[in-house]
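Asker: Sending over structure37.txt (compact mmCIF, C-alpha atoms).
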# COMPACT_ATOMS: atom_id res chain seq x y z
CA MET A 1 0.00 0.00 0.00
CA SER A 2 1.33 3.45 -0.90
CA VAL A 3 1.03 6.53 1.25
CA THR A 4 -1.52 8.00 -1.14
CA ASP A 5 -3.80 5.01 -0.53
CA LEU A 6 -4.03 5.68 3.19
CA GLU A 7 -7.19 7.16 4.68
CA ARG A 8 -7.78 10.87 4.32
CA LEU A 9 -10.51 11.00 6.97
CA LYS A 10 -10.67 9.06 10.22
CA VAL A 11 -13.08 8.74 13.11
CA ILE A 12 -11.14 7.92 16.28
CA HIS A 13 -13.49 7.34 19.20
CA ASN A 14 -10.71 6.04 21.45
CA GLY A 15 -11.76 5.52 25.05
CA GLU A 16 -14.64 7.35 26.73
CA LYS A 17 -15.68 10.99 26.75
CA GLU A 18 -13.89 13.02 29.45
CA GLN A 19 -15.79 14.97 32.07
CA GLN A 20 -16.06 18.43 30.57
CA THR A 21 -15.50 21.81 32.13
CA PHE A 22 -19.14 22.86 31.91
CA SER A 23 -22.53 21.17 32.07
CA THR A 24 -24.46 19.95 29.05
CA ASP A 25 -26.99 22.72 29.64
CA GLU A 26 -24.24 25.34 29.52
CA MET A 27 -22.75 23.98 26.30
CA GLU A 28 -26.18 23.74 24.69
CA ARG A 29 -26.83 27.34 25.71
CA ARG A 30 -23.69 28.45 23.89
CA LEU A 31 -24.54 26.50 20.75
CA SER A 32 -28.11 27.79 20.81
CA SER A 33 -26.79 31.35 20.95
CA LEU A 34 -24.45 30.64 18.05
CA ARG A 35 -27.22 29.08 16.01
CA LYS A 36 -29.45 32.08 16.60
CA LEU A 37 -26.61 34.26 15.36
CA MET A 38 -26.36 32.02 12.28
CA ALA A 39 -30.08 32.28 11.63
CA ASP A 40 -29.99 36.06 11.98
CA GLU A 41 -27.14 36.25 9.46
CA GLY A 42 -28.61 33.63 7.11
CA VAL A 43 -25.55 31.43 7.62
CA ASP A 44 -25.91 27.69 6.96
CA VAL A 45 -22.70 26.55 8.61
CA VAL A 46 -19.86 28.19 10.54
CA LEU A 47 -16.23 27.18 10.35
CA LEU A 48 -14.77 28.28 13.68
CA THR A 49 -10.97 28.24 13.49
CA SER A 50 -9.64 30.30 16.43
CA TYR A 51 -8.47 28.90 19.71
CA GLN A 52 -11.00 30.98 21.58
CA ASN A 53 -14.13 30.07 19.63
CA ILE A 54 -13.30 26.38 19.21
CA LYS A 55 -12.76 26.19 22.96
CA TYR A 56 -15.78 28.30 23.89
CA TYR A 57 -18.31 26.40 21.79
CA SER A 58 -16.83 22.86 21.93
CA ASP A 59 -14.76 22.81 25.18
CA PHE A 60 -11.80 21.45 23.18
CA LEU A 61 -8.56 23.45 23.32
CA PHE A 62 -6.21 22.38 20.55
CA THR A 63 -2.43 22.45 20.23
CA SER A 64 -1.61 23.67 16.76
CA PHE A 65 2.07 22.92 16.06
CA GLY A 66 1.45 24.42 12.63
CA ARG A 67 -1.71 22.42 11.90
CA PRO A 68 -5.19 23.98 11.54
CA TYR A 69 -8.22 22.90 13.58
CA ALA A 70 -11.92 23.73 13.38
CA TYR A 71 -15.31 23.42 15.01
CA VAL A 72 -17.96 23.08 12.33
CA VAL A 73 -21.51 23.97 13.36
CA SER A 74 -24.77 23.77 11.42
CA GLN A 75 -28.31 24.11 12.75
CA ASP A 76 -28.43 20.44 13.75
CA GLN A 77 -24.82 19.20 13.81
CA ALA A 78 -21.48 20.12 15.38
CA PHE A 79 -18.07 18.48 15.13
CA THR A 80 -14.45 19.37 15.67
CA VAL A 81 -11.86 18.75 12.97
CA SER A 82 -8.49 17.69 14.35
CA ALA A 83 -5.15 16.34 13.15
CA ASN A 84 -4.35 12.64 13.20
CA ILE A 85 -1.35 13.34 15.43
CA ASP A 86 -3.75 13.92 18.35
CA ALA A 87 -5.59 10.61 17.86
CA GLY A 88 -8.67 10.27 20.11
CA MET A 89 -8.01 13.09 22.59
CA PRO A 90 -9.96 15.75 20.63
CA TRP A 91 -13.02 13.49 20.51
CA ARG A 92 -12.76 12.81 24.24
CA ARG A 93 -12.60 16.56 24.97
CA THR A 94 -15.18 17.76 22.41
CA PHE A 95 -18.77 18.59 23.17
CA GLY A 96 -20.17 16.81 20.12
CA ASP A 97 -18.58 14.77 17.37
CA ASN A 98 -15.07 14.79 15.96
CA VAL A 99 -13.48 13.91 12.64
CA VAL A 100 -9.77 13.53 11.98
CA TYR A 101 -7.70 14.51 8.97
CA THR A 102 -4.42 12.84 8.08
CA ASP A 103 -1.18 14.30 6.71
CA TRP A 104 -1.04 12.16 3.58
CA HIS A 105 -2.62 14.68 1.18
CA ARG A 106 -2.03 18.41 0.78
CA ASP A 107 -4.89 20.56 2.09
CA ASN A 108 -6.52 17.47 3.54
CA TYR A 109 -7.93 19.61 6.37
CA VAL A 110 -10.15 21.54 3.97
CA TRP A 111 -11.05 18.39 2.04
CA VAL A 112 -12.21 16.66 5.24
CA ILE A 113 -14.41 19.61 6.21
CA ARG A 114 -16.05 19.69 2.78
CA GLU A 115 -16.39 15.90 2.55
CA THR A 116 -17.89 15.57 6.02
CA LEU A 117 -20.48 18.23 5.28
CA ARG A 118 -21.28 16.64 1.92
CA THR A 119 -21.83 13.17 3.42
CA ARG A 120 -24.09 14.69 6.06
CA GLY A 121 -26.22 16.39 3.44
CA ILE A 122 -25.07 19.96 4.07
CA SER A 123 -24.47 22.14 1.02
CA PRO A 124 -24.02 25.66 2.40
CA ALA A 125 -24.84 28.80 0.49
CA ARG A 126 -23.48 31.07 3.23
CA VAL A 127 -20.51 30.02 5.37
CA GLY A 128 -19.53 31.82 8.56
CA VAL A 129 -15.81 32.39 9.15
CA GLU A 130 -13.64 34.34 11.58
CA ASP A 131 -12.01 37.10 9.58
CA ASP A 132 -10.26 38.55 12.63
CA SER A 133 -8.01 35.48 12.92
CA LEU A 134 -8.35 33.59 9.62
CA PRO A 135 -5.25 33.83 7.38
CA LEU A 136 -5.99 35.03 3.86
CA GLU A 137 -4.46 31.88 2.41
CA MET A 138 -6.84 29.65 4.40
CA ARG A 139 -9.80 31.89 3.60
CA GLY A 140 -9.00 31.39 -0.08
CA LYS A 141 -8.91 27.63 0.40
CA PHE A 142 -12.30 27.71 2.14
CA GLN A 143 -13.70 29.72 -0.75
CA ALA A 144 -12.27 27.24 -3.27
CA ALA A 145 -13.80 24.35 -1.30
CA PHE A 146 -17.23 26.03 -1.41
CA PRO A 147 -17.08 27.95 -4.69
CA ASP A 148 -20.80 28.75 -4.78
CA ALA A 149 -20.97 29.95 -1.18
CA LEU A 150 -20.56 33.42 0.26
CA LEU A 151 -18.10 33.61 3.17
CA VAL A 152 -19.52 35.79 5.96
CA ASP A 153 -17.53 37.13 8.92
CA VAL A 154 -19.08 36.16 12.29
CA SER A 155 -16.11 36.90 14.53
CA LYS A 156 -17.43 40.09 16.12
CA GLN A 157 -20.85 38.62 16.87
CA ALA A 158 -19.25 35.53 18.44
CA MET A 159 -16.98 37.74 20.52
CA ARG A 160 -20.02 39.66 21.73
CA GLN A 161 -21.57 36.40 22.93
CA ARG A 162 -18.41 35.48 24.84
CA MET A 163 -18.24 38.87 26.58
CA VAL A 164 -21.18 38.15 28.92
CA LYS A 165 -20.33 35.24 31.19
CA SER A 166 -22.73 32.62 32.48
CA PRO A 167 -22.89 31.69 36.19
CA GLU A 168 -20.84 28.56 35.43
CA GLU A 169 -18.14 30.61 33.74
CA ILE A 170 -18.05 33.10 36.59
CA GLU A 171 -17.58 30.25 39.05
CA VAL A 172 -14.51 29.04 37.11
CA ILE A 173 -13.16 32.60 36.94
CA LYS A 174 -13.64 33.10 40.69
CA HIS A 175 -11.63 29.97 41.37
CA GLY A 176 -8.99 31.30 38.99
CA ALA A 177 -8.74 34.55 40.93
CA ARG A 178 -8.42 32.60 44.17
CA ILE A 179 -5.69 30.43 42.68
CA GLY A 180 -3.90 33.53 41.40
CA ASP A 181 -3.80 34.80 44.98
CA ILE A 182 -2.18 31.51 46.02
CA GLY A 183 0.43 31.95 43.32
CA GLY A 184 1.05 35.51 44.45
CA ALA A 185 1.72 34.37 48.02
CA ALA A 186 4.18 31.76 46.76
CA VAL A 187 5.96 34.37 44.66
CA ARG A 188 6.23 36.81 47.56
CA ASP A 189 7.55 34.08 49.86
CA ALA A 190 10.24 33.13 47.30
CA ILE A 191 11.73 36.63 47.03
CA VAL A 192 15.14 36.90 48.69
CA GLU A 193 18.24 38.83 47.75
CA GLY A 194 20.12 37.17 44.90
CA VAL A 195 17.29 34.88 43.74
CA PRO A 196 16.92 34.72 39.92
CA GLU A 197 13.63 35.86 38.43
CA PHE A 198 12.91 32.45 36.92
CA GLU A 199 13.21 30.68 40.29
CA VAL A 200 10.61 32.99 41.80
CA ALA A 201 8.37 32.41 38.78
CA LEU A 202 8.67 28.64 39.16
CA ALA A 203 7.53 28.85 42.79
CA GLY A 204 4.37 30.68 41.80
CA THR A 205 3.65 28.46 38.82
CA ASN A 206 4.04 25.25 40.81
CA ALA A 207 1.72 26.47 43.57
CA MET A 208 -1.01 27.41 41.08
CA VAL A 209 -0.73 24.23 39.00
CA ARG A 210 -1.13 22.08 42.07
CA GLU A 211 -4.20 24.02 43.20
CA ILE A 212 -5.77 23.84 39.74
CA ALA A 213 -5.25 20.06 39.76
CA ARG A 214 -6.88 19.83 43.19
CA THR A 215 -9.83 22.04 42.30
CA PHE A 216 -10.43 20.78 38.75
CA PRO A 217 -9.21 17.15 38.77
CA HIS A 218 -10.76 16.33 35.38
CA SER A 219 -9.15 19.21 33.47
CA GLU A 220 -6.02 19.29 31.38
CA ILE A 221 -3.10 20.82 33.26
CA ARG A 222 -1.63 23.35 30.86
CA ASP A 223 -0.66 26.94 30.12
CA THR A 224 -0.38 28.33 33.67
CA TRP A 225 2.57 30.71 34.03
CA VAL A 226 4.20 33.54 35.98
CA TRP A 227 5.97 36.66 34.80
CA PHE A 228 8.17 37.80 37.66
CA GLN A 229 10.22 40.86 36.75
CA SER A 230 12.80 42.94 38.60
CA GLY A 231 14.51 46.26 38.01
CA ILE A 232 14.59 47.33 34.36
CA ASN A 233 12.68 44.18 33.39
CA THR A 234 9.53 45.64 34.96
CA ASP A 235 9.24 48.18 32.11
CA GLY A 236 7.08 45.92 29.91
CA ALA A 237 3.90 44.22 31.04
CA HIS A 238 4.72 41.07 29.08
CA ASN A 239 8.42 40.64 29.82
CA TRP A 240 9.29 37.01 30.54
CA PRO A 241 11.43 35.99 33.53
CA THR A 242 15.18 36.06 33.05
CA THR A 243 18.22 34.97 35.03
CA ARG A 244 18.56 38.47 36.51
CA GLN A 245 18.95 38.29 40.28
CA VAL A 246 16.91 40.38 42.70
CA ARG A 247 18.90 43.21 44.27
CA ARG A 248 18.15 45.42 47.26
CA GLY A 249 16.21 48.48 46.20
CA ASP A 250 14.70 46.75 43.14
CA ILE A 251 11.22 47.46 41.93
CA LEU A 252 9.49 44.12 41.34
CA SER A 253 6.49 43.04 39.30
CA LEU A 254 4.46 39.99 40.37
CA ASN A 255 2.27 38.58 37.57
CA CYS A 256 0.47 35.25 38.11
CA PHE A 257 -1.69 33.66 35.42
CA PRO A 258 -3.56 30.50 36.42
CA MET A 259 -5.20 28.86 33.41
CA THR A 260 -8.15 26.55 33.98
CA SER A 261 -9.34 24.79 30.84
CA GLY A 262 -8.54 27.78 28.65
CA TYR A 263 -9.95 30.30 31.13
CA TYR A 264 -7.46 33.05 31.95
CA THR A 265 -7.22 34.87 35.25
CA ALA A 266 -4.49 37.13 36.55
CA LEU A 267 -2.97 38.73 39.62
CA GLU A 268 -0.51 41.57 39.09
CA ARG A 269 1.19 43.64 41.76
CA THR A 270 4.04 46.11 42.18
CA LEU A 271 6.47 45.23 44.98
CA PHE A 272 9.83 46.54 46.18
CA PHE A 273 12.71 44.58 47.65
CA GLY A 274 13.71 46.87 50.48
CA GLU A 275 12.46 50.38 51.08
CA PRO A 276 11.76 52.34 47.87
CA ASP A 277 13.31 55.76 47.38
CA ALA A 278 11.09 58.83 47.71
CA ARG A 279 10.27 59.24 44.01
CA SER A 280 9.55 55.54 43.55
CA LEU A 281 7.19 55.61 46.52
CA GLU A 282 5.46 58.70 45.13
CA LEU A 283 4.95 57.08 41.71
CA TRP A 284 3.70 53.86 43.29
CA GLU A 285 1.16 55.74 45.39
CA ILE A 286 -0.07 57.71 42.36
CA ASN A 287 -0.66 54.51 40.45
CA VAL A 288 -2.48 53.04 43.45
CA GLU A 289 -4.65 56.18 43.49
CA VAL A 290 -5.59 55.54 39.86
CA HIS A 291 -6.24 51.88 40.65
CA ARG A 292 -8.57 52.68 43.54
CA ALA A 293 -10.46 55.23 41.44
CA GLY A 294 -10.82 52.71 38.64
CA LEU A 295 -12.25 50.08 40.98
CA GLU A 296 -14.98 52.54 41.95
CA LEU A 297 -15.83 53.35 38.32
CA LEU A 298 -16.56 49.79 37.19
CA ARG A 299 -20.33 49.59 37.39
CA PRO A 300 -23.16 48.55 35.02
CA GLY A 301 -24.13 51.30 32.59
CA VAL A 302 -20.65 52.81 32.39
CA ALA A 303 -18.96 52.97 28.98
CA CYS A 304 -15.42 51.60 28.68
CA GLN A 305 -14.16 54.80 27.08
CA ASP A 306 -15.55 56.92 29.92
CA VAL A 307 -13.52 54.92 32.44
CA ALA A 308 -10.38 55.61 30.42
CA HIS A 309 -11.07 59.34 30.14
CA ARG A 310 -11.79 59.70 33.87
CA LEU A 311 -8.61 57.91 34.91
CA ASN A 312 -6.55 59.86 32.40
CA GLU A 313 -7.42 62.99 34.38
CA ILE A 314 -5.56 61.69 37.43
CA TYR A 315 -2.41 60.97 35.42
CA VAL A 316 -2.69 64.39 33.75
CA ALA A 317 -2.81 66.05 37.17
CA HIS A 318 0.48 64.37 38.04
CA ASP A 319 2.03 64.96 34.58
CA LEU A 320 2.23 61.18 34.04
CA LEU A 321 -0.17 60.54 31.16
CA PRO A 322 2.72 60.05 28.67
CA ASN A 323 4.01 57.28 30.97
CA ARG A 324 0.81 55.22 30.66
CA THR A 325 1.52 52.01 28.76
CA PHE A 326 -1.83 50.45 27.72
CA GLY A 327 -5.58 50.46 28.35
CA TYR A 328 -6.91 50.28 31.89
CA GLY A 329 -8.31 46.77 31.76
CA HIS A 330 -9.88 44.03 29.67
CA SER A 331 -12.38 41.21 29.55
CA PHE A 332 -11.79 37.74 30.97
CA GLY A 333 -12.80 34.30 29.72
CA VAL A 334 -11.27 32.14 27.01
CA LEU A 335 -8.04 33.97 26.32
CA SER A 336 -4.32 33.63 26.85
CA HIS A 337 -0.97 35.04 25.83
CA TYR A 338 -1.12 33.06 22.58
CA TYR A 339 -4.83 33.05 21.78
CA GLY A 340 -7.98 34.99 22.32
CA ARG A 341 -8.84 38.54 23.35
CA GLU A 342 -12.28 40.06 23.60
CA ALA A 343 -11.23 43.35 22.07
CA GLY A 344 -14.74 44.81 22.30
CA LEU A 345 -14.50 44.89 26.10
CA GLU A 346 -11.33 46.80 26.89
CA LEU A 347 -11.09 49.94 29.00
CA ARG A 348 -9.70 52.18 26.29
CA GLU A 349 -10.64 55.49 24.75
CA ASP A 350 -11.76 53.90 21.47
CA ILE A 351 -14.16 51.34 23.00
CA ASP A 352 -17.78 52.45 23.49
CA THR A 353 -19.07 49.15 24.94
CA VAL A 354 -21.29 49.72 27.99
CA LEU A 355 -20.63 47.48 31.00
CA GLU A 356 -23.47 45.13 31.90
CA PRO A 357 -24.11 42.39 34.45
CA GLY A 358 -22.22 39.19 33.70
CA MET A 359 -19.20 40.93 32.18
CA VAL A 360 -15.87 40.30 33.89
CA VAL A 361 -13.18 42.96 33.56
CA SER A 362 -9.89 43.92 35.13
CA MET A 363 -8.72 47.21 36.50
CA GLU A 364 -4.99 47.40 35.79
CA PRO A 365 -3.39 50.82 35.41
CA MET A 366 0.31 50.88 34.53
CA ILE A 367 2.91 53.57 34.11
CA MET A 368 6.53 53.16 33.03
CA VAL A 369 9.40 55.49 33.91
CA PRO A 370 12.48 54.98 31.71
CA GLU A 371 15.86 53.94 33.08
CA GLY A 372 17.97 56.86 34.23
CA GLN A 373 15.02 58.87 35.55
CA PRO A 374 14.08 59.04 39.25
CA GLY A 375 11.76 56.16 40.17
CA ALA A 376 12.59 54.18 37.01
CA GLY A 377 10.54 51.05 36.40
CA GLY A 378 7.04 49.78 35.64
CA TYR A 379 4.23 50.19 38.17
CA ARG A 380 1.09 48.08 37.82
CA GLU A 381 -1.79 46.79 39.95
CA HIS A 382 -4.48 44.40 38.74
CA ASP A 383 -7.81 43.26 40.19
CA ILE A 384 -10.64 41.30 38.54
CA LEU A 385 -14.23 42.46 38.93
CA VAL A 386 -17.52 40.74 38.07
CA ILE A 387 -20.12 43.29 36.99
CA THR A 388 -23.38 42.72 38.90
CA GLU A 389 -26.89 44.17 38.67
CA ASP A 390 -26.09 47.05 40.98
CA GLY A 391 -22.30 47.28 41.13
CA ALA A 392 -19.27 45.05 40.87
CA GLU A 393 -17.70 42.26 42.93
CA ASN A 394 -13.92 42.38 43.29
CA ILE A 395 -12.80 38.74 43.29
CA THR A 396 -9.08 39.50 43.79
CA LYS A 397 -8.08 39.40 47.45
CA PHE A 398 -4.28 39.81 47.34
CA PRO A 399 -3.45 43.20 48.92
CA PHE A 400 -1.87 46.03 46.95
CA GLY A 401 0.15 49.12 47.70
CA PRO A 402 3.24 50.13 49.70
CA GLU A 403 1.72 49.18 53.06
CA HIS A 404 1.57 45.53 51.98
CA ASN A 405 4.15 44.83 49.30
CA ILE A 406 7.55 46.02 50.48
CA VAL A 407 9.47 42.79 51.06
CA GLY A 408 12.90 42.14 52.52
CA ALA A 409 12.91 45.41 54.46
I'd like the structure from this file rewritten - as structure tokens, please.

Answerer:
Amino acid sequence: MSVTDLERLKVIHNGEKEQQTFSTDEMERRLSSLRKLMADEGVDVVLLTSYQNIKYYSDFLFTSFGRPYAYVVSQDQAFTVSANIDAGMPWRRTFGDNVVYTDWHRDNYVWVIRETLRTRGISPARVGVEDDSLPLEMRGKFQAAFPDALLVDVSKQAMRQRMVKSPEEIEVIKHGARIGDIGGAAVRDAIVEGVPEFEVALAGTNAMVREIARTFPHSEIRDTWVWFQSGINTDGAHNWPTTRQVRRGDILSLNCFPMTSGYYTALERTLFFGEPDARSLELWEINVEVHRAGLELLRPGVACQDVAHRLNEIYVAHDLLPNRTFGYGHSFGVLSHYYGREAGLELREDIDTVLEPGMVVSMEPMIMVPEGQPGAGGYREHDILVITEDGAENITKFPFGPEHNIVGA
């Protein structure tokens, strides 16, 4: 038998279905919302291709390694499309069916999607795709596979559905915030003079991974991490740990990210190793002032852009607005440093989304003072809030500010 004679499409129902992150009712709710969106847009089938939407609607989080994946949804069917290298795991983790494509033919991924739909009697005239994350090359291949169909972008509508969390999602996020606090305590306890950044990060990561495994024993254990930064390395919010050793007088940045089944949560705090100098303390307290004000602003009915404008006024009063590094906060849910982002729910001047109950957002002001200037470094605090009917619940409990986070003094 030659390679070209091998199967192009497989069904690998190996083992039993795993216990999923959410209940059947919750997953059916998500699919029902998606199918209503499809009906409103006149879409016959959607080809979801992003990490975030495949995970959100199917509960399966793939590992790409250069291979494409999909969750294909019609009004009465749903199945993930995965690579043969993963065997039966995608089926075990998918809410619904799964089909597998092999590597033996070029563009077999697209062929398997088209062939599976054809054998199930689905000939779409309008196909939903995610233009915000779909490469042009793959979009062209989808169009060639369905030459008589119109490809319709559904990415923004799907994002809008993900922005309002269900009670089950909020429960997972609350556990994530709690586990982030555990990681933060482990990080703080690991800080001593001369310790490398990566060793401190490992302490926090290990503590969070173990608590995730205890709390969610049926989940995959993956993607949890810590960014612990010191000195000049605090200037960027997304700087990875290095071998730099903590020195007395250093500004420190504690950033813990527990990941539960694709659900991101975060704890971020400014610390100092030893007493900060006068200017550093002043800058830290200004940023804490902005943080406290932001926590009070997050309420239902408030527009994201209005939060940004109000907090800008505090920085302007201290002549620090040019030192601000990014928006004041963002949505939580299915997102990570390598996938996802609900860009329609960020606390920035260009976002007019109005906060509503069920949304989960952070408050995380940050300023950066360049090296060579008094108080040099990056200052950032970060809490997670669940928007309620009449206010907001802060689910982050780790303390912030100079009165709590000067270590090694």

Asker: Nearest to Glu381 (chain A): which of A:Asn394, A:Asn287, A:Ser74, A:Thr353 is it, counting all atoms listed in the file?

Answerer: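 The answer is A:Asn287, which sits nearest to Glu381 (chain A).
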
Asker: When you look at region 341-349 of chain A with a cut-off of 6 Å (counting all atoms listed in the file), what residues show up, excluding the ones that are within fewer than 3 positions of it in the same chain? I need them as a VMD selection string.

Answerer: chain A and resid 304 to 305 308 327 to 331 335

Asker: Excluding region 104-109 of chain A and any residue of its chain fewer than 2 positions from it, enumerate the residues within 9 Å of it, using all atoms listed in the file, and give them as a PyMOL selection string.

Answerer: chain A and resi 3-9+67-69+81-83+100-102+111-114+141

Asker: What does the file look like for those residues with C-alpha atoms, as an mmCIF file, in the coordinates of the input?

Answerer:
data_model
loop_
_atom_site.group_PDB
_atom_site.id
_atom_site.type_symbol
_atom_site.label_atom_id
_atom_site.label_comp_id
_atom_site.auth_asym_id
_atom_site.auth_seq_id
_atom_site.Cartn_x
_atom_site.Cartn_y
_atom_site.Cartn_z
ATOM 1 C CA VAL A 3 1.030 6.530 1.250
ATOM 2 C CA THR A 4 -1.520 8.000 -1.140
ATOM 3 C CA ASP A 5 -3.800 5.010 -0.530
ATOM 4 C CA LEU A 6 -4.030 5.680 3.190
ATOM 5 C CA GLU A 7 -7.190 7.160 4.680
ATOM 6 C CA ARG A 8 -7.780 10.870 4.320
ATOM 7 C CA LEU A 9 -10.510 11.000 6.970
ATOM 8 C CA ARG A 67 -1.710 22.420 11.900
ATOM 9 C CA PRO A 68 -5.190 23.980 11.540
ATOM 10 C CA TYR A 69 -8.220 22.900 13.580
ATOM 11 C CA VAL A 81 -11.860 18.750 12.970
ATOM 12 C CA SER A 82 -8.490 17.690 14.350
ATOM 13 C CA ALA A 83 -5.150 16.340 13.150
ATOM 14 C CA VAL A 100 -9.770 13.530 11.980
ATOM 15 C CA TYR A 101 -7.700 14.510 8.970
ATOM 16 C CA THR A 102 -4.420 12.840 8.080
ATOM 17 C CA TRP A 111 -11.050 18.390 2.040
ATOM 18 C CA VAL A 112 -12.210 16.660 5.240
ATOM 19 C CA ILE A 113 -14.410 19.610 6.210
ATOM 20 C CA ARG A 114 -16.050 19.690 2.780
ATOM 21 C CA LYS A 141 -8.910 27.630 0.400
#

Asker: Which of these, A:Asp103, A:Glu168, A:Glu193, A:Asp86, has the shortest distance to Gly408 (chain A) once you count all atoms listed in the file?

Answerer: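 Using all atoms listed in the file, Gly408 (chain A) sits closest to A:Glu193.
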
Asker: What is the CA of Arg214 (chain A) to CA of Phe22 (chain A) distance in Å?

Answerer: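 Separating CA of Arg214 (chain A) from CA of Phe22 (chain A) is a distance of 16.9 Å.
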
Asker: Identify which of the residues A:His218, A:Glu115, A:Met138, A:Asp44 lies closest to Gln20 (chain A), counting all atoms listed in the file when measuring atom-to-atom distances.

Answerer: A:His218

Asker: What does the structure give for the distance between CA of Phe216 (chain A) and CA of Thr260 (chain A), in Å to one decimal?

Answerer: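 Atom-to-atom, CA of Phe216 (chain A) to CA of Thr260 (chain A), that is 7.8 Å.
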
Asker: Nearest to Gly378 (chain A) among A:Leu252, A:Val99, A:Ala317, A:Val361, with distances taken over only C-alpha atoms: which residue is it?

Answerer: A:Leu252

Asker: Can you write out as CSV which residues of region 129-230 of chain A fall within 8 Å of region 265-275 of chain A, alongside each residue's closest atom pair and its distance in Å to one decimal, counting all atoms listed in the file and ordering rows by chain and ascending residue number?

Answerer:
residue,atom,partner,partner_atom,distance
A:Ile173,CA,A:Thr265,CA,6.6
A:Gly176,CA,A:Thr265,CA,5.5
A:Ala177,CA,A:Thr265,CA,5.9
A:Gly180,CA,A:Leu267,CA,5.6
A:Asp181,CA,A:Leu267,CA,6.7
A:Gly184,CA,A:Leu267,CA,7.1
A:Glu193,CA,A:Phe273,CA,8.0

Asker: My list of candidates is A:Val288, A:Ala70, A:Met359, A:Leu254. Which is closest to Gln161 (chain A) when distances are computed with all atoms listed in the file?

Answerer: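 Nearest to Gln161 (chain A): A:Met359.
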
Asker: Go ahead and compute the interatomic distance for CA of Glu371 (chain A) and CA of Gly401 (chain A), in Å to one decimal.

Answerer: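 It comes out at 22.0 Å.
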
Asker: Do a neighbour search on Ile395 (chain A) at 12 Å with all atoms listed in the file, toss out local chain neighbours closer than 2 positions, and write the hits as a compact mmCIF listing (two decimals) with C-alpha atoms, in the frame of the given file.

Answerer:
# COMPACT_ATOMS: atom_id res chain seq x y z
CA ILE A 170 -18.05 33.10 36.59
CA GLU A 171 -17.58 30.25 39.05
CA VAL A 172 -14.51 29.04 37.11
CA ILE A 173 -13.16 32.60 36.94
CA LYS A 174 -13.64 33.10 40.69
CA HIS A 175 -11.63 29.97 41.37
CA GLY A 176 -8.99 31.30 38.99
CA ALA A 177 -8.74 34.55 40.93
CA ARG A 178 -8.42 32.60 44.17
CA ILE A 179 -5.69 30.43 42.68
CA GLY A 180 -3.90 33.53 41.40
CA ASP A 181 -3.80 34.80 44.98
CA THR A 265 -7.22 34.87 35.25
CA ALA A 266 -4.49 37.13 36.55
CA LEU A 267 -2.97 38.73 39.62
CA LEU A 295 -12.25 50.08 40.98
CA VAL A 360 -15.87 40.30 33.89
CA VAL A 361 -13.18 42.96 33.56
CA SER A 362 -9.89 43.92 35.13
CA MET A 363 -8.72 47.21 36.50
CA HIS A 382 -4.48 44.40 38.74
CA ASP A 383 -7.81 43.26 40.19
CA ILE A 384 -10.64 41.30 38.54
CA LEU A 385 -14.23 42.46 38.93
CA VAL A 386 -17.52 40.74 38.07
CA ILE A 387 -20.12 43.29 36.99
CA ALA A 392 -19.27 45.05 40.87
CA GLU A 393 -17.70 42.26 42.93
CA LYS A 397 -8.08 39.40 47.45
CA PHE A 398 -4.28 39.81 47.34
CA PRO A 399 -3.45 43.20 48.92
